[in-house]
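*Asks:* So that we are looking at the same thing, I have put the structure below in structure tokens.
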Amino acid sequence: MSRVKRSIQADDLSEVISVFHDYEQTVYGNVQTSLKMIRDLVVKTEREDKVGLWVRGVLKGVSFLTRRDHRLPSLVLTVKDEGAEGYIEELIESLIDSGKRWKSEGINEKSIVISANTPKERIAFEKAGFSIQRHWHQMSTELTETAVPVSPYLVRPFILGNDERALYEAYEEIFADHYDHHPSTWEEFNQRFFIPEDSTDRWLLMIDKEKVIGFVLSRADGETKVGEITHLGMKREYRRMGLGLQLLRQSFDGLHRAGMTHAALLVDSDSPTHAALLYKKAGMTIQRTFTRYDLSL
């Protein structure tokens with residue numbers, strides 16, 4: 001057969017890496033996903049939720065579907081050639097089949113969430129019934145040695161085994177008014193944030209009278225030398241005081257000391273806190289903008 005679509009196996013890892021690198025070089029201009037992250041996707045994603053499309057023995061595209069509460073974050077990556085649009089359409093079918101399987105196993109509403117980075121992806125997603133939800137910016141900055149402003153409040157590292165519950169309570173309060181936030185139980189939050197192989201060494205808390213009023217969560221990638229800011233939050237009564245900027249700069253300093261050359265993050269272009277303006281004040285610039293699409297199942 002000249003065209004085969006099947007579950008990705010561990011033996012396919014080198015081909016999957018090649019597809020990731022081809023896609024990212026073509027679309028972003030550089031490789032952004034570390035080998036560890038690709039390997040984790042291949043190893044940890046359930047068998048039915050990771051699909052590859054081979055044409056005449058060459059891997060042309062991959063799809064992965066994961067779980068996060070009511071959302072099913074997913075991705076489709078294909079190589080650049082004349083058949084790309086058809087590859088995307090075939091792999092979307094696999095995503096929808098996986099999503100329906102997860103939906104059938106529970107009563108909660110489920111939505112497949114995916115980002116479109118190219119015109120062909122947008123066309124294929126809309127053809128399959130996906131709808132535009134939001135536009136997001138990827139922002140980054142080069143890290144250099146800079147003076148860190150003194151905070152009027154205590155800023156200290158997150159202490160694993162001590163601060164989990166306080167972080168959970170602050171997170172739920174801070175992000176309650178953000179787009180697509182759904183309250184999490186303690187168990188759901190614990191499973192999402194405290195993954196054994198993920199380090200909390202780059203997490204910082206801002207404290208006022210022993211209460212967490214803000215935090216910045218980041219991680220350092222020794223392979224790409226990029227520090228990713230995954231979450232930055234401040235309680236409402238402490239906003240508009242420059243505290244988020246102080247936290248961000250302290251995070252940059254820690255990432256620079258850890259050997260990172262750049263810091264990067266994703267931000268909702270319609271953030272109610274106008275977060276993109278804060279990041280620009282910190283010296284970050286928009287590298288690309290992409291579109292989030294959802295499909296309710």
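All residue names refer to the structure tokens as shown: chains lettered A, B, ... in order, residues numbered from 1 in each chain, ligands numbered from 1 in order.
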Report as a compact mmCIF listing (two decimals) with N, CA, C and O atoms, in the first residue's frame all protein, DNA and RNA residues lying within 8 Å of A:Leu255, evaluated on only C-alpha atoms, omitting residues in the same chain fewer than 3 positions from it.
*Replies:*
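Generated output (result.txt):
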# COMPACT_ATOMS: atom_id res chain seq x y z
N LEU A 143 17.92 36.87 26.97
CA LEU A 143 18.25 37.03 28.38
C LEU A 143 19.68 37.53 28.55
O LEU A 143 20.61 36.96 27.98
N ARG A 202 12.16 26.38 39.18
CA ARG A 202 12.10 27.75 38.63
C ARG A 202 10.78 28.44 38.97
O ARG A 202 10.42 29.40 38.31
N ALA A 220 13.24 25.55 32.62
CA ALA A 220 14.44 25.73 31.80
C ALA A 220 14.66 24.50 30.94
O ALA A 220 14.63 23.37 31.44
N GLY A 227 14.02 29.39 28.26
CA GLY A 227 13.23 29.29 29.47
C GLY A 227 11.79 29.65 29.16
O GLY A 227 11.52 30.73 28.62
N SER A 251 12.22 36.16 37.44
CA SER A 251 12.23 34.88 36.74
C SER A 251 13.26 34.88 35.62
O SER A 251 14.01 33.92 35.45
N PHE A 252 13.33 35.99 34.87
CA PHE A 252 14.33 36.12 33.81
C PHE A 252 15.74 35.97 34.38
O PHE A 252 16.60 35.31 33.79
N ALA A 258 20.62 30.12 35.04
CA ALA A 258 20.57 28.68 34.75
C ALA A 258 21.11 28.35 33.37
O ALA A 258 21.09 27.18 32.95
N GLY A 259 21.57 29.37 32.63
CA GLY A 259 22.18 29.13 31.33
C GLY A 259 21.25 29.30 30.14
O GLY A 259 21.64 29.01 29.01
N MET A 260 20.03 29.81 30.38
CA MET A 260 19.11 30.02 29.28
C MET A 260 19.50 31.29 28.51
O MET A 260 19.91 32.29 29.12
N ALA A 263 13.97 33.78 26.91
CA ALA A 263 12.74 33.43 27.63
C ALA A 263 11.58 33.59 26.66
O ALA A 263 11.58 34.50 25.82
*Asks:* In terms of the shortest atom-to-atom distance over only C-alpha atoms, which of A:Leu160, A:Ala176, A:Ser94, A:Val226 is closest to A:Phe194?
*Replies:*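 For A:Phe194, the nearest of the candidates is A:Leu160.
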*Asks:* Considering only C-alpha atoms, state which residue in the set A:Glu89, A:Glu105, A:Asp198, A:Asp49 is at the smallest distance from A:Glu126.
*Replies:*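 Using only C-alpha atoms, A:Glu126 sits closest to A:Glu89.
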*Asks:* Excluding A:Ser7 and residues on its chain fewer than 4 positions from it, collect all residues at most 8 Å away from it, counting only C-alpha atoms, and give them as a ChimeraX atom specification.
*Replies:* /A:47-52
*Asks:* Go ahead and compute the interatomic distance for atom CA of A:Val212 and atom CA of A:His262, in Å to one decimal.
*Replies:*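 We find that atom CA of A:Val212 and atom CA of A:His262 lie 27.3 Å from each other.
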*Asks:* Going by DSSP on the backbone, which bits of stretch 125-194 of chain A are strand (DSSP E or B)? Write them as a list in words, please.
*Replies:* Ser131, Ile132, Gln133, Arg134, His135, Trp136, His137, Gln138, Met139, Ser140, Thr141, Glu142, Leu154, Val155, Arg156 and Pro157 of chain A
*Asks:* Write out as a list in words the residues lying within 6 Å of A:Glu228, counting only C-alpha atoms and excluding same-chain residues fewer than 3 positions away.
*Replies:*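 Those residues are Ser218, Arg219, Ala263, Ala264 and Leu265 of chain A.
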*Asks:* As a list in words, please: the residues near stretch 56-59 of chain A (cut-off 7 Å, only C-alpha atoms, same-chain neighbours under 3 positions excluded).
*Replies:*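 Everything that qualifies: Ser2, Arg3, Glu15, Gly52 and Leu53 of chain A.
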*Asks:* Among stretch 120-191 of chain A, which residues carry a DSSP assignment of alpha helix (DSSP H), reported as a list of chain:residue names?
*Replies:* A:Lys120, A:Glu121, A:Arg122, A:Ile123, A:Ala124, A:Phe125, A:Glu126, A:Lys127, A:Glu164, A:Arg165, A:Ala166, A:Leu167, A:Tyr168, A:Glu169, A:Ala170, A:Tyr171, A:Glu172, A:Glu173, A:Ile174, A:Trp186, A:Glu187, A:Glu188, A:Phe189, A:Asn190, A:Gln191
